[in-house]
Structure formats: C-alpha cells, structure tokens
Amino acid sequence: MIQIIDPERCTGCNICVGVCPTNVFDVVPGGQPVIARQHDCQTCFMCELYCPEDALYVSPFAAELESLDLKQLRETGALGNYRSAIGWSEGTGDRRRTDASFQLLGR
Amino acid sequence: MSRIQRPELVSSGDGTNVYRADVLVLGGGPAGTWAAVSAARQGASVILADKGFCGTSGATAPSGTGVWYVEPDPAKREAAMASREAMGGYLQDRKWMSRVLDRTYDSVHQLAEWGYPFPVDDEGRPRRNSLQGPEYMRLMRKRVKQAGAKILDHSPALELLVDGDGAVVGAMGLHRQSGDRWTVHAGAVVIATGGCAFLSGALGCNVLTGDGYLMAAEAGAELSGMEFSNAYAMSAEYGSVTKTLFYNWATFTHEDGRPVEGAKSKGGRSIIAKALDKGRVFPQLDKADAQTQSAMRLAQPNFFLPLDRAGIDPFSQRFPITLRLEGTVRGTGGLRIVDDTCATTVPGLYAAGDAATRELICGAFTGGGSHNCAWAMSSGTWAGTAAGAFAKGKGQVRRGAERRGDVGLRERGGHRIDAASLTRAVQAEVTPYERNYFRDADRLSDSLLRLDALWTSAAGADAADRSGIVKTREAAAMLATARWMYRSALARRESRGMARRLDHPYQDDSQRRSIHAGGLREVWTRPGPVLSRPVAEAAE
C-alpha cells in the first residue's frame with residue numbers, strides 16, 4: 001500500500017495524481033499532493049515508476065500498514081529502486097532491453 | 001491512411017461535458033488502445049475513456065506478459081494450436097486461433113517498428129515473445145495520442161446510450177477527479193473494460209469489476225462462457241504480485257515443513273487451494289539454478305519487488321502464499337462475439353480483450369497471460385477497425401438517445417445501495433475456494449439464492465450520489481457477473497477446463513459447446529450449438 005510521499009523530494013508536480021489507476025492521491029493547490037484514499041491503493045507500484053523524483057514508497061504489504069523509517073529508505077536506495085530496475089531512471093536505460101523471459105518461457 | 005479526424009467538444013457547463021466522436025472506446029488497457037489506434041486508422045474520430053489512467057490501468061500495465069507469438073511456419077503454428085486444445089476442453093475454434101496467431105505476429109512487429117525495446121539474444125536475434133507491462137502500455141498511450149484520439153482519464157463510463165433502433169450510440173460517465181459528468185455521442189462503442197476479479201487485490205485487477213458486462217447487458221448484449229471464471233493466482237500472502245510463472249521452480253510445503261503432495265503451479269493448483277483451506281502453504285524456489293535465478297530477476301523485476309522489500313530471499317527461504325481470485329480476467333468468459341469483427345449481439349457495440357469471451361482461442365481454460373495478450377491485440381484491432389467503419393457508414397450521429405443504465409442510476413423510491421457492504425456480500429459468494437473453485441449444484445444454488453435476493457434489493461434502490469456512484473455501479477456489476485457465472489456453472493453439468501463440478505467430475509462429449517447467458521432481473525442461460533468433432537480425452 002502507498003505509504004510515503006517524501007516531503008523533501010516531492011516537487012508537487014502531481015504526476016502521481018494523474019497516473020494512479022485507482023485515484024488514491026489528491027491535489028493540494030500550491031502544495032504537495034496527499035494520499036487521500038489509501039485503502040483504494042491496489043499495490044501496483046505504478047506511481048513509483050512515474051515519479052521523476054523517486055519520492056514515493058509503496059509498501060509490499062497490500063492490506064496493512066507497515067512501520068517505516070523514511071531516512072533508512074532513502075539511505076538504502078529503496079525509494080526509486082523499482083524504477084531503476086526496469087530502466088526508467090536516468091542512466092539505467094539499458095535495462096529496458098534486458099527482458100530475459102525468452103530464456104525461461106517454455107522450459 | 002486517412003487524415004486524422006478529431007472528436008469534438010459539443011458543449012460544457014452545468015457540470016457536464018458533451019462530446020461527439022465516431023467511435024468511443026471504453027477501457028484503456030491493451031485491447032482498448034489497439035481498438036482506438038485501429039479505429040483512427042479508418043479515418044474515424046475517436047475518444048477513449050478509462051476509469052483510471054490509460055497507461056497504468058488494468059492487469060497488463062503493472063505486470064508483464066508472455067505473448068502468443070509464433071512464427072508463420074505451418075508446423076510451429078499447428079503445434080501451438082494443438083498444444084492448447086485438450087486443456088481448453090476442445091471448445092476453441094481453429095479458424096479463430098489461426099487468425100489470432102496471424103494478427104498477433106503482425107501486431108508484435110508493429111510494436112517493434114514503434115520502438116518497443118525487445119531484447120536480443122546471444123545470436124543477435126530479437127526475442128518477441130514477452131512484453132513488459134509498464135513499457136508496453138506507456139508506448140500504447142503514446143500511439144493512441146499520436147493517432148489523434150482523445151483520452152479521457154479518470155473517466156469511468158456508467159451507462160450506454162441506445163437509439164430507437166436498439167443500436168448503441170454512446171455512453172455517459174463521470175470525470176471522477178472534477179466531479180463533472182460526461183456524455184459521448186458516438187456512431188459505435190467498443191467495450192474494452194477488462195474482466196472481473198471482484199476486488200481481490202490481484203495485481204492491477206482492482207479496476208476490473210465487470211463494468212462493461214453490466215453496461216452491455218443493460219443494452220441487451222449476451223455473454224458466453226461465464227462458467228470459466230474461477231481462475232486463482234498465487235501471490236505472497238501479504239502481497240499483490242500475482243505472477244505465477246516462477247512457481248514452476250518451487251517446492252511447496254506445509255507450515256510444519258512437510259511437502260504438499262502433488263502441489264504444482266501448473267496442474268496442481270487445486271491441491272494448493274485444498275491445503276490453503278486447512279492451513280498455510282509455503283513455496284521456495286529451490287529448483288532454480290544460479291543462471292535461472294539471474295534470468296528471473298531480469299525477466300520479472302516486479303516478482304521480486306515485494307519479496308526484496310519484505311526481506312525474503314525466495315530461493316533460500318520459504319514464504320507464505322495465498323491464491324487471489326482473478327475471476328474472468330484469467331478465465332475465458334465474457335461478452336459474446338457473433339462475427340469476425342468482434343461485434344456483440346447489439347448493433348454498434350463491439351467487445352475486445354478480457355471483456356469479450358476468449359473461448360474462441362482458449363476454450364475452457366487459460367493458464368496464463370500469453371493468449372489473453374494475443375487476444376487483446378487481435379480483438380482490439382478487429383473491433384476498432386469494424387467500429388470505425390460502422391460509424392463512418394452511419395453518417396451524422398443521432399442525438400437524444402435513451403440512457404440504458406439502471407441499477408444505482410435511477411430513483412426507485414427505495415434506499416441507497418451501500419456499495420461496500422454489497423461488495424463484501426458478493427465476495428463472500430465468489431471468493432471462497434469451497435464455493436467457486438470446488439463447485440457443485442447445492443453450493444451454486446445456495447449462493448444464487450442470496451445473490452438473486454441482493455439483486456432484487458439493489459434493483460429497487462435509489463440513484464447513488466456523485467461521490468458513491470462509481471463504487472455503486474462497480475458493486476452492481478460484480479453482483480451481475482457473479483449471477484451469470486454461477487447460473488452458467490449450473491448449466492454445465494460436466495467438468496471441462498477450469499469449470500469443474502464435484503458432482504459431475506467428467507467431461508461429456510455431448511456438452512462440447514458454449515453456454516450463453518444474459519439478463520439482469522431474470523438471468524437466463526442457453527446452450528450454444530454442439531461442436532461436431534468427437535473427442536475422447538478427459539478434462540485436466
């Protein structure tokens with residue numbers, strides 16, 4: 001479930017408000033968006049992929065809130081690690097072409 | 001290619017935007033986006049409305065999928081078709097399988113031309129039998145916009161518009177972020193709203209609540225194969241990522257470490273369901289060697305995301321799993337298709353992707369996304385092309401059409417529907433393995449008594465207010481879907497593909513045919529024509 005909008009990183013671009021398929025976020029005029037309907041989150045991680053600042057963190061626990069330490073998430077690189085894994089972060093573009101499914105399918 | 005035609009904003013104000021377009025596509029997943037691009041290629045003006053965001057919505061976007069992509073070599077094509085037939089209970093149609101293989105091959109090459117970053121193997125050959133969801137759907141959104149279609153995000157459709165001749169001529173819905181309403185007058189409508197997974201939390205599936213089935217049925221459309229609706233997929237107990245391929249490398253154990261005898265991802269999932277009824281089940285991907293492990297990480301980063309974040313190494317550690325209902329998303333039932341263009345039984349209304357029946361290529365069973373992916377590309381292309389041609393042939397769109405939506409949209413002098421409690425009541429009938437996975441006549445009839453009573457009550461309710469209308473219609477759609485599913489399951493007095501009956505455990509050649517269904521107040525089922533070729537094999 002979405003749990004964190006990092007107030008230090010978020011620039012208030014509101015991309016997350018637009019891309020969330022289940023409409024979890026609300027715009028705050030002149031400010032950073034808020035998680036307004038947390039329990040509508042379907043834990044699909046799409047907001048993280050579209051956040052250009054790596055400011056969002058979706059906990060893997062779909063139905064319960066997890067106790068999280070934002071400072072630690074920043075330091076361990078957990079914020080944004082899915083975006084870089086699929087090659088959508090700066091400098092990771094090569095990973096867009098490394099889908100190894102063909103080595104696994106039909107085995 | 002024709003010149004790009006743009007849809008038109010006819011009026012706005014009083015909290016309603018009115019648009020006019022040749023073709024309206026409902027749903028912005030793979031099928032909807034292929035439909036929009038294809039309709040625009042016919043020179044049609046196109047609006048695509050998605051409940052969420054076209055590009056992230058639906059089962060494909062957050063996931064990744066194999067593609068039923070087979071080179072046009074007759075022997076390979078024959079093998080690809082034959083390999084699925086027994087599993088699907090011989091309900092497939094070879095003609096449809098063959099044209100889907102052709103269409104998918106061309107569509108995948110189109111994706112490559114558009115710049116999809118297919119991987120290249122050690123011999124330098126591009127490998128095109130899988131797609132990464134985020135990458136694929138980001139590209140499709142871009143192509144829809146480049147085709148000149150207008151995308152309405154966060155704009156769930158609530159009901160269809162029908163003219164005096166019974167043809168579908170548009171839809172009405174809500175822009176849920178502004179609270180404004182929308183109306184689109186169109187010459188044809190493509191339903192590409194996906195299947196129904198009953199808000200089970202399966203990856204990306206919580207937007208898939210059967211909305212398109214309900215709207216289409218209200219306009220008189222029929223369904224087919226709704227008994228093929230009890231797919232369950234594995235995820236970590238706490239998580240949402242229902243990717244099942246890698247469990248082929250798993251050993252399954254009970255909580256105390258004893259192996260779950262016979263448990264397998266493929267062909268042994270019912271054993272896992274039975275074990276989960278009694279206690280917890282723990283896989284460990286201990287059959288994957290180092291090379292496989294690294295290929296897995298590159299193939300499906302999202303499989304590892306919830307495990308890494310919870311501090312679990314799935315290769316060396318056991319972790320608890322659950323089975324999440326995927327309903328008709330990974331089932332094969334949906335709106336009935338009556339011809340090669342993916343037309344429904346209602347003029348002007350087409351169906352594509354998981355919203356349509358996939359029996360034509362999958363029959364009674366689908367084990368994975370690859371066929372659904374191929375079907376979405378193919379049916380989306382055909383439905384969009386035909387809708388474009390149909391709309392262009394009609395000329396000026398007629399106005400003042402009749403609204404066909406009913407439950408939750410009209411004042412009936414009753415109460416308001418409590419969407420959350422109705423949803424829970426429907427889930428209580430369709431989620432439990434002992435009702436939906438392991439079906440028999442008594443349990444199906446028992447569930448239907450309650451589901452029918454829920455419908456009677458909902459049908460007498462008042463219109464939902466603006467803040468509750470989307471969830472109310474979703475609840476009504478799930479309720480209607482559950483009733484078609486269980487009525488169809490009762491009508492199939494045998495076991496075929498995924499539609500297993502404890503009280504009729506064998507496949508019966510005389511029932512080798514589809515079950516059609518429809519109706520809202522009174523749900524009906526009707527057997528389709530028996531398919532001729534006799535077969536001896538039993539269901540798997």
# chains A, B, ... in the order shown; residues from 1 in each chain; ligands from 1
>>> interface_residues(of="chain B", to="chain A", cutoff="9 Å", atoms="only C-alpha atoms", output="number ranges by chain")
B: 51-58, 61-63, 66, 117-121, 127-132, 134-135, 153-154, 176-177, 199, 201-207, 237-241, 245-246, 292, 294-302, 305-307, 309-310
>>> select_by_dssp(residues="segment 282-413 of chain B", states="alpha helix (DSSP H)", output="PDB file with C-alpha atoms, in the first residue's frame")
ATOM      1  CA  ALA B 290      22.058 -19.681 -10.497  1.00  0.00           C
ATOM      2  CA  GLN B 291      21.619 -18.957 -14.190  1.00  0.00           C
ATOM      3  CA  THR B 292      17.835 -19.282 -13.948  1.00  0.00           C
ATOM      4  CA  GLN B 293      17.796 -17.061 -10.893  1.00  0.00           C
ATOM      5  CA  SER B 294      19.536 -14.250 -12.686  1.00  0.00           C
ATOM      6  CA  ALA B 295      17.280 -14.627 -15.749  1.00  0.00           C
ATOM      7  CA  MET B 296      14.257 -14.419 -13.425  1.00  0.00           C
ATOM      8  CA  ARG B 297      15.411 -11.117 -11.999  1.00  0.00           C
ATOM      9  CA  LEU B 298      15.807  -9.670 -15.473  1.00  0.00           C
ATOM     10  CA  ALA B 299      12.520 -11.092 -16.737  1.00  0.00           C
ATOM     11  CA  PRO B 301      11.620  -7.354 -11.625  1.00  0.00           C
ATOM     12  CA  ASN B 302       8.165  -6.936 -10.129  1.00  0.00           C
ATOM     13  CA  PHE B 303       8.061 -10.545  -8.911  1.00  0.00           C
ATOM     14  CA  PHE B 304      10.974  -9.803  -6.585  1.00  0.00           C
ATOM     15  CA  LEU B 305       9.865  -6.337  -5.510  1.00  0.00           C
ATOM     16  CA  PRO B 306       7.520  -7.367  -2.673  1.00  0.00           C
ATOM     17  CA  LEU B 307       9.896 -10.140  -1.592  1.00  0.00           C
ATOM     18  CA  ASP B 308      13.001  -7.931  -1.527  1.00  0.00           C
ATOM     19  CA  ARG B 309      11.140  -5.219   0.328  1.00  0.00           C
ATOM     20  CA  GLU B 359     -13.338 -19.273 -25.637  1.00  0.00           C
ATOM     21  CA  LEU B 360     -12.676 -18.882 -29.373  1.00  0.00           C
ATOM     22  CA  ILE B 361      -8.927 -19.290 -28.834  1.00  0.00           C
ATOM     23  CA  CYS B 362      -8.634 -20.599 -25.252  1.00  0.00           C
ATOM     24  CA  GLY B 369      -1.399 -14.083 -19.974  1.00  0.00           C
ATOM     25  CA  SER B 370       0.112 -15.006 -23.294  1.00  0.00           C
ATOM     26  CA  HIS B 371      -3.147 -15.910 -25.033  1.00  0.00           C
ATOM     27  CA  ASN B 372      -5.020 -13.047 -23.421  1.00  0.00           C
ATOM     28  CA  CYS B 373      -2.301 -10.703 -24.629  1.00  0.00           C
ATOM     29  CA  ALA B 374      -2.593 -12.012 -28.184  1.00  0.00           C
ATOM     30  CA  TRP B 375      -6.374 -11.844 -27.969  1.00  0.00           C
ATOM     31  CA  ALA B 376      -6.291  -8.226 -26.739  1.00  0.00           C
ATOM     32  CA  MET B 377      -4.128  -7.129 -29.669  1.00  0.00           C
ATOM     33  CA  SER B 378      -6.204  -9.052 -32.171  1.00  0.00           C
ATOM     34  CA  SER B 379      -9.724  -8.423 -30.930  1.00  0.00           C
ATOM     35  CA  GLY B 380      -8.862  -4.781 -30.204  1.00  0.00           C
ATOM     36  CA  THR B 381      -7.640  -4.315 -33.754  1.00  0.00           C
ATOM     37  CA  TRP B 382     -10.672  -6.022 -35.288  1.00  0.00           C
ATOM     38  CA  ALA B 383     -13.226  -4.313 -33.035  1.00  0.00           C
ATOM     39  CA  GLY B 384     -11.677  -0.875 -33.544  1.00  0.00           C
ATOM     40  CA  THR B 385     -11.442  -1.313 -37.302  1.00  0.00           C
ATOM     41  CA  ALA B 386     -15.049  -2.510 -37.566  1.00  0.00           C
ATOM     42  CA  ALA B 387     -16.367   0.161 -35.204  1.00  0.00           C
ATOM     43  CA  GLY B 388     -14.615   2.808 -37.284  1.00  0.00           C
ATOM     44  CA  ALA B 389     -16.126   1.503 -40.496  1.00  0.00           C
ATOM     45  CA  PHE B 390     -19.579   1.075 -38.922  1.00  0.00           C
ATOM     46  CA  ALA B 391     -19.578   4.625 -37.544  1.00  0.00           C
ATOM     47  CA  LYS B 392     -18.353   6.159 -40.791  1.00  0.00           C
ATOM     48  CA  GLY B 393     -21.111   4.324 -42.641  1.00  0.00           C
ATOM     49  CA  LYS B 394     -23.761   5.784 -40.347  1.00  0.00           C
TER      50      LYS B 394
END
>>> select_by_dssp(residues="segment 52-182 of chain B", states="strand (DSSP E or B)", output="PyMOL selection string")
chain B and resi 64-66+120+126+130-132+150-152+157-162+168-174+181-182
>>> residues_around(residues="Leu56 of chain A", least_positions_apart="6", cutoff="7 Å", atoms="only C-alpha atoms", output="PyMOL selection string")
chain A and resi 4-6+48+79
>>> residues_around(residues="Arg9 of chain A", least_positions_apart="4", cutoff="8 Å", atoms="only C-alpha atoms", output="list in words")
Glu53, Asp54 and Ala55 of chain A
>>> residues_around(residues="Met234 of chain B", least_positions_apart="5", cutoff="12 Å", atoms="only C-alpha atoms", output="ChimeraX atom specification")
/B:200-203,239-248,250,264-266,269-270,272-273,276,281-283,303,319-326
>>> write_last_selection(atoms="N, CA and C atoms", output="tab-separated table (two decimals), in the first residue's frame")
chain	number	residue	atom	x	y	z
B	200	SER	N	-10.21	-8.46	-5.66
B	200	SER	CA	-9.47	-9.45	-4.86
B	200	SER	C	-8.07	-8.99	-4.52
B	201	GLY	N	-7.62	-7.88	-5.13
B	201	GLY	CA	-6.25	-7.43	-4.88
B	201	GLY	C	-5.21	-8.11	-5.75
B	202	ALA	N	-5.64	-8.88	-6.76
B	202	ALA	CA	-4.68	-9.43	-7.73
B	202	ALA	C	-4.07	-8.27	-8.51
B	203	LEU	N	-2.84	-8.43	-8.94
B	203	LEU	CA	-2.05	-7.30	-9.45
B	203	LEU	C	-2.78	-6.52	-10.56
B	239	GLY	N	0.90	-9.90	-0.14
B	239	GLY	CA	1.20	-9.03	-1.27
B	239	GLY	C	0.19	-9.06	-2.39
B	240	SER	N	0.50	-8.32	-3.45
B	240	SER	CA	-0.41	-8.15	-4.57
B	240	SER	C	0.12	-8.76	-5.86
B	241	VAL	N	1.40	-9.15	-5.87
B	241	VAL	CA	2.01	-9.51	-7.16
B	241	VAL	C	1.68	-10.96	-7.51
B	242	THR	N	0.70	-11.11	-8.37
B	242	THR	CA	0.19	-12.44	-8.75
B	242	THR	C	0.88	-12.91	-10.03
B	243	LYS	N	2.17	-13.09	-9.94
B	243	LYS	CA	2.92	-13.61	-11.08
B	243	LYS	C	3.20	-15.08	-10.77
B	244	THR	N	2.78	-15.97	-11.65
B	244	THR	CA	2.81	-17.38	-11.29
B	244	THR	C	3.90	-18.19	-11.98
B	245	LEU	N	4.49	-17.65	-13.03
B	245	LEU	CA	5.44	-18.43	-13.83
B	245	LEU	C	6.56	-19.04	-12.98
B	246	PHE	N	7.11	-18.23	-12.06
B	246	PHE	CA	8.30	-18.69	-11.34
B	246	PHE	C	8.01	-19.78	-10.32
B	247	TYR	N	6.74	-19.97	-9.99
B	247	TYR	CA	6.40	-21.06	-9.07
B	247	TYR	C	6.58	-22.43	-9.73
B	248	ASN	N	6.83	-22.42	-11.05
B	248	ASN	CA	7.20	-23.69	-11.70
B	248	ASN	C	8.52	-24.23	-11.15
B	250	ALA	N	9.24	-24.06	-7.90
B	250	ALA	CA	9.06	-24.07	-6.44
B	250	ALA	C	8.80	-25.47	-5.90
B	264	LYS	N	1.55	-28.12	-7.42
B	264	LYS	CA	2.33	-27.57	-8.53
B	264	LYS	C	1.64	-26.29	-8.97
B	265	SER	N	2.41	-25.41	-9.57
B	265	SER	CA	1.81	-24.19	-10.10
B	265	SER	C	0.91	-24.54	-11.27
B	266	LYS	N	1.41	-25.39	-12.16
B	266	LYS	CA	0.63	-25.84	-13.31
B	266	LYS	C	0.12	-27.24	-13.04
B	269	ARG	N	-2.69	-26.76	-8.89
B	269	ARG	CA	-3.09	-25.59	-8.11
B	269	ARG	C	-4.29	-25.90	-7.21
B	270	SER	N	-5.14	-26.85	-7.65
B	270	SER	CA	-6.29	-27.16	-6.80
B	270	SER	C	-5.83	-27.83	-5.51
B	272	ILE	N	-3.11	-27.00	-3.96
B	272	ILE	CA	-2.70	-25.87	-3.12
B	272	ILE	C	-3.93	-25.21	-2.49
B	273	ALA	N	-5.00	-25.07	-3.28
B	273	ALA	CA	-6.23	-24.48	-2.74
B	273	ALA	C	-6.77	-25.31	-1.58
B	276	LEU	N	-4.61	-24.79	1.41
B	276	LEU	CA	-4.81	-23.46	1.99
B	276	LEU	C	-6.10	-23.38	2.81
B	281	VAL	N	0.51	-22.41	3.26
B	281	VAL	CA	1.35	-23.12	2.30
B	281	VAL	C	2.55	-22.23	1.97
B	282	PHE	N	3.73	-22.89	1.91
B	282	PHE	CA	4.98	-22.15	1.73
B	282	PHE	C	5.76	-22.67	0.53
B	283	PRO	N	5.88	-21.89	-0.54
B	283	PRO	CA	6.80	-22.29	-1.60
B	283	PRO	C	8.21	-21.80	-1.30
B	303	PHE	N	8.25	-9.36	-9.75
B	303	PHE	CA	8.06	-10.55	-8.91
B	303	PHE	C	8.86	-10.41	-7.62
B	319	PHE	N	8.26	-18.79	2.03
B	319	PHE	CA	7.39	-17.64	2.36
B	319	PHE	C	5.94	-18.07	2.13
B	320	PRO	N	5.01	-17.55	2.94
B	320	PRO	CA	3.62	-17.99	2.80
B	320	PRO	C	2.95	-17.38	1.57
B	321	ILE	N	2.12	-18.17	0.92
B	321	ILE	CA	1.39	-17.65	-0.25
B	321	ILE	C	-0.11	-17.75	-0.03
B	322	THR	N	-0.82	-17.05	-0.90
B	322	THR	CA	-2.27	-17.18	-0.95
B	322	THR	C	-2.66	-17.29	-2.42
B	323	LEU	N	-3.92	-17.64	-2.68
B	323	LEU	CA	-4.45	-17.64	-4.04
B	323	LEU	C	-5.46	-16.51	-4.13
B	324	ARG	N	-5.26	-15.62	-5.06
B	324	ARG	CA	-6.18	-14.50	-5.24
B	324	ARG	C	-7.05	-14.74	-6.46
B	325	LEU	N	-8.33	-14.45	-6.30
B	325	LEU	CA	-9.29	-14.68	-7.38
B	325	LEU	C	-9.01	-13.74	-8.55
B	326	GLU	N	-8.90	-14.30	-9.72
B	326	GLU	CA	-8.76	-13.48	-10.93
B	326	GLU	C	-10.01	-13.59	-11.81
>>> residues_around(residues="Thr16 of chain B", least_positions_apart="4", cutoff="6 Å", atoms="only C-alpha atoms", output="list in words")
Ser12, Asp180, Arg181 and Trp182 of chain B
>>> atom_distance(atom1="atom CA of Ala186 of chain B", atom2="atom CA of Arg403 of chain B")
13.5 Å
>>> residues_around(residues="Ala461 of chain B", least_positions_apart="2", cutoff="7 Å", atoms="only C-alpha atoms", output="NGL selection string")
:B and (408 or 412-417 or 457-459 or 463)
>>> write_last_selection(atoms="C-alpha atoms", output="mmCIF file, in the first residue's frame")
data_model
loop_
_atom_site.group_PDB
_atom_site.id
_atom_site.type_symbol
_atom_site.label_atom_id
_atom_site.label_comp_id
_atom_site.auth_asym_id
_atom_site.auth_seq_id
_atom_site.Cartn_x
_atom_site.Cartn_y
_atom_site.Cartn_z
ATOM 1 C CA GLY B 408 -27.853 2.617 -8.913
ATOM 2 C CA ARG B 412 -36.827 3.689 -7.475
ATOM 3 C CA GLY B 413 -38.284 5.003 -4.247
ATOM 4 C CA GLY B 414 -36.091 2.777 -2.128
ATOM 5 C CA HIS B 415 -32.913 3.005 -0.105
ATOM 6 C CA ARG B 416 -29.467 3.819 -1.445
ATOM 7 C CA ILE B 417 -27.120 0.923 -2.163
ATOM 8 C CA SER B 457 -32.869 -5.312 -3.365
ATOM 9 C CA ALA B 458 -30.323 -3.364 -5.458
ATOM 10 C CA ALA B 459 -32.746 -3.053 -8.359
ATOM 11 C CA ALA B 463 -29.708 6.540 -7.542
#
>>> atom_distance(atom1="atom CA of Ala112 of chain B", atom2="atom CA of Arg143 of chain B")
12.7 Å
>>> closest_residue(among="B:Ala75, B:Arg439, B:Ala192, B:Arg138", to="Leu48 of chain B", atoms="only C-alpha atoms")
B:Ala192
>>> atom_distance(atom1="atom CA of Val34 of chain A", atom2="atom CA of Thr11 of chain A")
12.4 Å
>>> decode(residues="segment 35-92 of chain A", atoms="C-alpha atoms", output="PDB file, in the first residue's frame")
ATOM      1  CA  ILE A  35      -2.587  10.225  -0.056  1.00  0.00           C
ATOM      2  CA  ALA A  36      -6.329  10.764   0.228  1.00  0.00           C
ATOM      3  CA  ARG A  37      -7.788   7.289  -0.295  1.00  0.00           C
ATOM      4  CA  GLN A  38      -5.045   4.986   0.955  1.00  0.00           C
ATOM      5  CA  HIS A  39      -7.252   1.891   1.132  1.00  0.00           C
ATOM      6  CA  ASP A  40      -8.121   2.180  -2.569  1.00  0.00           C
ATOM      7  CA  CYS A  41      -4.417   1.533  -3.318  1.00  0.00           C
ATOM      8  CA  GLN A  42      -4.022  -1.786  -5.155  1.00  0.00           C
ATOM      9  CA  THR A  43      -0.261  -2.021  -4.545  1.00  0.00           C
ATOM     10  CA  CYS A  44       0.556  -1.982  -8.261  1.00  0.00           C
ATOM     11  CA  PHE A  45       3.669   0.224  -7.804  1.00  0.00           C
ATOM     12  CA  MET A  46       2.862   2.252 -10.941  1.00  0.00           C
ATOM     13  CA  CYS A  47       3.077   5.598  -9.126  1.00  0.00           C
ATOM     14  CA  GLU A  48       6.681   4.841  -8.169  1.00  0.00           C
ATOM     15  CA  LEU A  49       7.564   4.197 -11.805  1.00  0.00           C
ATOM     16  CA  TYR A  50       6.152   7.536 -12.938  1.00  0.00           C
ATOM     17  CA  CYS A  51       7.555   9.664 -10.077  1.00  0.00           C
ATOM     18  CA  PRO A  52      10.506  11.596 -11.557  1.00  0.00           C
ATOM     19  CA  GLU A  53      11.875  12.399  -8.104  1.00  0.00           C
ATOM     20  CA  ASP A  54      11.719   8.911  -6.541  1.00  0.00           C
ATOM     21  CA  ALA A  55       9.640  10.448  -3.783  1.00  0.00           C
ATOM     22  CA  LEU A  56       7.081   7.664  -3.380  1.00  0.00           C
ATOM     23  CA  TYR A  57       7.209   4.390  -1.472  1.00  0.00           C
ATOM     24  CA  VAL A  58       4.681   1.604  -1.840  1.00  0.00           C
ATOM     25  CA  SER A  59       4.977  -0.955   0.923  1.00  0.00           C
ATOM     26  CA  PRO A  60       4.716  -4.564  -0.303  1.00  0.00           C
ATOM     27  CA  PHE A  61       2.043  -5.218   2.323  1.00  0.00           C
ATOM     28  CA  ALA A  62      -1.204  -4.763   0.403  1.00  0.00           C
ATOM     29  CA  ALA A  63      -3.687  -4.727   3.240  1.00  0.00           C
ATOM     30  CA  GLU A  64      -1.866  -3.487   6.329  1.00  0.00           C
ATOM     31  CA  LEU A  65       0.287  -0.509   7.235  1.00  0.00           C
ATOM     32  CA  GLU A  66       3.957  -1.139   7.858  1.00  0.00           C
ATOM     33  CA  SER A  67       6.121   0.761  10.297  1.00  0.00           C
ATOM     34  CA  LEU A  68       8.656   2.553   8.076  1.00  0.00           C
ATOM     35  CA  ASP A  69      11.725   4.729   8.563  1.00  0.00           C
ATOM     36  CA  LEU A  70      11.925   7.242   5.711  1.00  0.00           C
ATOM     37  CA  LYS A  71      15.544   8.134   6.407  1.00  0.00           C
ATOM     38  CA  GLN A  72      16.529   4.491   6.138  1.00  0.00           C
ATOM     39  CA  LEU A  73      14.506   4.012   2.923  1.00  0.00           C
ATOM     40  CA  ARG A  74      16.375   6.951   1.386  1.00  0.00           C
ATOM     41  CA  GLU A  75      19.762   5.674   2.523  1.00  0.00           C
ATOM     42  CA  THR A  76      19.249   2.092   1.340  1.00  0.00           C
ATOM     43  CA  GLY A  77      18.067   3.292  -2.066  1.00  0.00           C
ATOM     44  CA  ALA A  78      14.657   1.708  -1.619  1.00  0.00           C
ATOM     45  CA  LEU A  79      12.991   4.859  -2.913  1.00  0.00           C
ATOM     46  CA  GLY A  80      13.125   4.518  -6.684  1.00  0.00           C
ATOM     47  CA  ASN A  81      14.728   1.078  -6.844  1.00  0.00           C
ATOM     48  CA  TYR A  82      11.864  -0.383  -8.870  1.00  0.00           C
ATOM     49  CA  ARG A  83      12.079   2.452 -11.397  1.00  0.00           C
ATOM     50  CA  SER A  84      15.771   1.824 -11.885  1.00  0.00           C
ATOM     51  CA  ALA A  85      15.201  -1.965 -12.080  1.00  0.00           C
ATOM     52  CA  ILE A  86      13.009  -1.520 -15.179  1.00  0.00           C
ATOM     53  CA  GLY A  87      15.352   1.019 -16.732  1.00  0.00           C
ATOM     54  CA  TRP A  88      13.268   4.149 -16.328  1.00  0.00           C
ATOM     55  CA  SER A  89      15.751   6.126 -14.172  1.00  0.00           C
ATOM     56  CA  GLU A  90      18.497   8.238 -15.631  1.00  0.00           C
ATOM     57  CA  GLY A  91      21.461   6.093 -16.587  1.00  0.00           C
ATOM     58  CA  THR A  92      19.564   2.788 -16.367  1.00  0.00           C
TER      59      THR A  92
END
